[in-house]
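Trainee: What follows is model-v1.csv; its format and atoms are CSV, N, CA and C atoms.
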```csv
chain,number,residue,atom,x,y,z
A,1,MET,N,-0.7,31.1,1.8
A,1,MET,CA,-0.6,30.3,3.0
A,1,MET,C,-1.6,29.1,2.8
A,2,PRO,N,-1.1,27.9,3.2
A,2,PRO,CA,-1.9,26.7,3.0
A,2,PRO,C,-3.1,26.8,4.0
A,3,ILE,N,-4.2,26.2,3.6
A,3,ILE,CA,-5.3,26.0,4.5
A,3,ILE,C,-5.1,24.9,5.4
A,4,GLU,N,-5.3,25.1,6.7
A,4,GLU,CA,-5.2,24.1,7.7
A,4,GLU,C,-6.5,23.3,7.8
A,5,ARG,N,-6.4,22.0,7.8
A,5,ARG,CA,-7.6,21.2,7.9
A,5,ARG,C,-7.4,20.2,9.0
A,6,GLU,N,-8.5,19.7,9.5
A,6,GLU,CA,-8.5,18.7,10.5
A,6,GLU,C,-8.0,17.4,9.8
A,7,PRO,N,-7.4,16.5,10.6
A,7,PRO,CA,-7.0,15.2,10.0
A,7,PRO,C,-8.1,14.5,9.3
A,8,SER,N,-7.9,14.0,8.1
A,8,SER,CA,-8.9,13.3,7.4
A,8,SER,C,-9.4,12.0,8.1
A,9,LYS,N,-10.6,11.8,8.0
A,9,LYS,CA,-11.2,10.5,8.6
A,9,LYS,C,-11.7,9.7,7.4
A,10,ILE,N,-11.3,8.5,7.3
A,10,ILE,CA,-11.7,7.6,6.2
A,10,ILE,C,-12.9,6.9,6.7
A,11,PHE,N,-14.0,7.0,6.0
A,11,PHE,CA,-15.3,6.4,6.4
A,11,PHE,C,-15.3,4.9,6.2
A,12,ALA,N,-15.3,4.2,7.3
A,12,ALA,CA,-15.2,2.7,7.2
A,12,ALA,C,-16.6,2.1,7.0
A,13,MET,N,-16.6,1.1,6.2
A,13,MET,CA,-17.8,0.3,6.0
A,13,MET,C,-17.8,-0.9,6.9
A,14,PRO,N,-18.9,-1.6,7.1
A,14,PRO,CA,-18.9,-2.8,8.0
A,14,PRO,C,-17.9,-3.9,7.6
A,15,ASP,N,-17.7,-4.0,6.3
A,15,ASP,CA,-16.8,-5.1,5.9
A,15,ASP,C,-15.3,-4.7,6.1
A,16,GLY,N,-15.0,-3.6,6.6
A,16,GLY,CA,-13.6,-3.2,6.8
A,16,GLY,C,-13.0,-2.3,5.7
A,17,HIS,N,-13.7,-2.2,4.6
A,17,HIS,CA,-13.3,-1.3,3.5
A,17,HIS,C,-13.8,0.1,3.8
A,18,TYR,N,-13.3,1.0,3.1
A,18,TYR,CA,-13.7,2.4,3.3
A,18,TYR,C,-14.6,2.8,2.1
A,19,ASP,N,-15.4,3.8,2.4
A,19,ASP,CA,-16.3,4.3,1.4
A,19,ASP,C,-15.8,5.6,0.8
A,20,ALA,N,-15.2,5.5,-0.4
A,20,ALA,CA,-14.6,6.7,-1.0
A,20,ALA,C,-15.7,7.7,-1.4
A,21,THR,N,-16.9,7.2,-1.6
A,21,THR,CA,-17.9,8.2,-2.0
A,21,THR,C,-18.3,9.2,-0.9
A,22,ARG,N,-17.9,8.8,0.3
A,22,ARG,CA,-18.2,9.7,1.4
A,22,ARG,C,-17.1,10.6,1.8
A,23,MET,N,-15.9,10.5,1.1
A,23,MET,CA,-14.8,11.4,1.3
A,23,MET,C,-14.9,12.7,0.5
A,24,ASP,N,-14.3,13.7,1.0
A,24,ASP,CA,-14.2,15.0,0.2
A,24,ASP,C,-13.0,14.9,-0.7
A,25,ASP,N,-12.9,15.8,-1.6
A,25,ASP,CA,-11.8,15.8,-2.6
A,25,ASP,C,-10.4,15.6,-1.9
A,26,PHE,N,-10.2,16.4,-0.9
A,26,PHE,CA,-8.9,16.3,-0.2
A,26,PHE,C,-8.6,15.0,0.4
A,27,GLN,N,-9.6,14.3,1.0
A,27,GLN,CA,-9.5,13.0,1.6
A,27,GLN,C,-9.2,12.0,0.5
A,28,VAL,N,-9.9,12.1,-0.7
A,28,VAL,CA,-9.6,11.1,-1.8
A,28,VAL,C,-8.2,11.3,-2.2
A,29,ILE,N,-7.7,12.5,-2.4
A,29,ILE,CA,-6.4,12.7,-2.9
A,29,ILE,C,-5.4,12.2,-1.9
A,30,ALA,N,-5.6,12.5,-0.6
A,30,ALA,CA,-4.7,12.0,0.4
A,30,ALA,C,-4.6,10.5,0.5
A,31,GLU,N,-5.8,9.9,0.5
A,31,GLU,CA,-5.9,8.4,0.5
A,31,GLU,C,-5.2,7.8,-0.7
A,32,ARG,N,-5.4,8.3,-1.8
A,32,ARG,CA,-4.7,7.8,-3.1
A,32,ARG,C,-3.2,7.9,-2.9
A,33,GLN,N,-2.7,9.0,-2.4
A,33,GLN,CA,-1.3,9.1,-2.2
A,33,GLN,C,-0.8,8.1,-1.2
A,34,ARG,N,-1.5,7.9,-0.1
A,34,ARG,CA,-1.1,6.9,0.9
A,34,ARG,C,-1.1,5.5,0.3
A,35,VAL,N,-2.1,5.2,-0.5
A,35,VAL,CA,-2.1,3.8,-1.1
A,35,VAL,C,-1.0,3.7,-2.1
A,36,MET,N,-0.8,4.7,-2.9
A,36,MET,CA,0.3,4.6,-3.9
A,36,MET,C,1.7,4.4,-3.2
A,37,ALA,N,1.9,5.1,-2.1
A,37,ALA,CA,3.2,5.0,-1.4
A,37,ALA,C,3.3,3.6,-0.8
A,38,THR,N,2.2,3.1,-0.2
A,38,THR,CA,2.2,1.8,0.4
A,38,THR,C,2.5,0.7,-0.7
A,39,LEU,N,1.8,0.8,-1.9
A,39,LEU,CA,2.1,-0.1,-3.0
A,39,LEU,C,3.5,-0.1,-3.4
A,40,ALA,N,4.1,1.1,-3.5
A,40,ALA,CA,5.5,1.3,-4.0
A,40,ALA,C,6.4,0.6,-3.0
A,41,ALA,N,6.2,0.8,-1.7
A,41,ALA,CA,7.0,0.2,-0.7
A,41,ALA,C,6.9,-1.3,-0.7
A,42,LEU,N,5.7,-1.8,-0.8
A,42,LEU,CA,5.5,-3.3,-0.9
A,42,LEU,C,6.1,-3.9,-2.1
A,43,THR,N,6.0,-3.2,-3.2
A,43,THR,CA,6.6,-3.6,-4.5
A,43,THR,C,8.1,-3.8,-4.3
A,44,ASP,N,8.7,-2.8,-3.7
A,44,ASP,CA,10.2,-2.8,-3.5
A,44,ASP,C,10.5,-4.0,-2.5
A,45,GLN,N,9.7,-4.1,-1.5
A,45,GLN,CA,10.0,-5.2,-0.5
A,45,GLN,C,9.8,-6.6,-1.2
A,46,TYR,N,8.8,-6.7,-2.0
A,46,TYR,CA,8.6,-8.0,-2.7
A,46,TYR,C,9.7,-8.3,-3.7
A,47,ARG,N,10.2,-7.3,-4.4
A,47,ARG,CA,11.3,-7.5,-5.3
A,47,ARG,C,12.6,-7.9,-4.6
A,48,GLU,N,12.8,-7.2,-3.4
A,48,GLU,CA,14.0,-7.6,-2.6
A,48,GLU,C,13.9,-9.0,-2.1
A,49,LEU,N,12.7,-9.4,-1.7
A,49,LEU,CA,12.6,-10.8,-1.2
A,49,LEU,C,12.8,-11.8,-2.3
A,50,ASN,N,12.3,-11.5,-3.5
A,50,ASN,CA,12.5,-12.4,-4.6
A,50,ASN,C,13.9,-12.5,-5.0
A,51,GLN,N,14.7,-11.4,-4.9
A,51,GLN,CA,16.1,-11.5,-5.2
A,51,GLN,C,16.8,-12.3,-4.2
A,52,GLU,N,16.4,-12.2,-2.9
A,52,GLU,CA,17.1,-13.0,-1.9
A,52,GLU,C,16.8,-14.5,-2.0
A,53,ILE,N,15.5,-14.8,-2.4
A,53,ILE,CA,15.2,-16.2,-2.6
A,53,ILE,C,16.0,-16.8,-3.8
A,54,ASN,N,16.2,-16.0,-4.9
A,54,ASN,CA,17.0,-16.4,-6.0
A,54,ASN,C,18.4,-16.6,-5.6
A,55,ARG,N,18.9,-15.8,-4.7
A,55,ARG,CA,20.3,-15.8,-4.3
A,55,ARG,C,20.6,-17.0,-3.4
A,56,ARG,N,19.7,-17.4,-2.6
A,56,ARG,CA,19.9,-18.5,-1.7
A,56,ARG,C,19.7,-19.9,-2.3
A,57,GLU,N,20.7,-20.7,-2.3
A,57,GLU,CA,20.6,-22.0,-2.9
A,57,GLU,C,19.6,-22.8,-2.1
A,58,SER,N,19.5,-22.6,-0.8
A,58,SER,CA,18.7,-23.4,0.1
A,58,SER,C,17.2,-23.2,-0.2
A,59,LEU,N,16.8,-22.2,-0.9
A,59,LEU,CA,15.4,-21.9,-1.2
A,59,LEU,C,15.1,-22.2,-2.7
A,60,LYS,N,16.0,-22.7,-3.5
A,60,LYS,CA,15.7,-22.9,-4.9
A,60,LYS,C,14.6,-23.9,-5.1
A,61,TRP,N,14.4,-24.9,-4.1
A,61,TRP,CA,13.3,-25.8,-4.3
A,61,TRP,C,12.0,-25.2,-4.3
A,62,MET,N,11.8,-24.0,-3.7
A,62,MET,CA,10.5,-23.3,-3.8
A,62,MET,C,10.2,-22.8,-5.2
A,63,LEU,N,11.2,-22.5,-6.0
A,63,LEU,CA,11.0,-22.0,-7.3
A,63,LEU,C,10.8,-23.0,-8.4
A,64,ALA,N,11.1,-24.3,-8.0
A,64,ALA,CA,10.9,-25.3,-9.0
A,64,ALA,C,9.4,-25.6,-9.2
A,65,ARG,N,9.1,-25.8,-10.5
A,65,ARG,CA,7.6,-26.0,-10.8
A,65,ARG,C,7.5,-27.2,-11.6
```
Translate the structure described by the file into C-alpha cells.
Mentor:
Amino acid sequence: MPIEREPSKIFAMPDGHYDATRMDDFQVIAERQRVMATLAALTDQYRELNQEINRRESLKWMLAR
C-alpha cells in the first residue's frame, strides 16, 4: 500500500527560485518530474509553432537572416 503524504511544498527563495536543498527526496523527485513534463510540453509547442511559421508564407520574412 502506498504511503500517503501531504502535498509537497517547494521552498521559495526571495528571488522567486526554489531551494532544492531544502526539499526531501520525494519533493525533489516530484519537482524533477514536473519540470521534465513542462519542458516536454513546451518543446512540443515550440516545434509546432516553428512548423506553422514555416508553413505560412506571410511569416517567411521573420526567418530571413
Trainee: Between atom C of A:Glu31 and atom N of A:Gln45, what is the spacing in Å?
Mentor: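 Taking atom N of A:Gln45 as the start and atom C of A:Glu31 as the end point, the length is 19.1 Å.
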Trainee: What is the atom C of A:Leu49 to atom CA of A:Val35 distance in Å?
Mentor: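 Computed distance, atom C of A:Leu49 to atom CA of A:Val35, equals 21.6 Å.
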Trainee: What is the atom C of A:Gln33-atom N of A:Ile53 distance in Å, reported with one decimal?
Mentor: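 Computed distance, atom C of A:Gln33 to atom N of A:Ile53, equals 28.1 Å.
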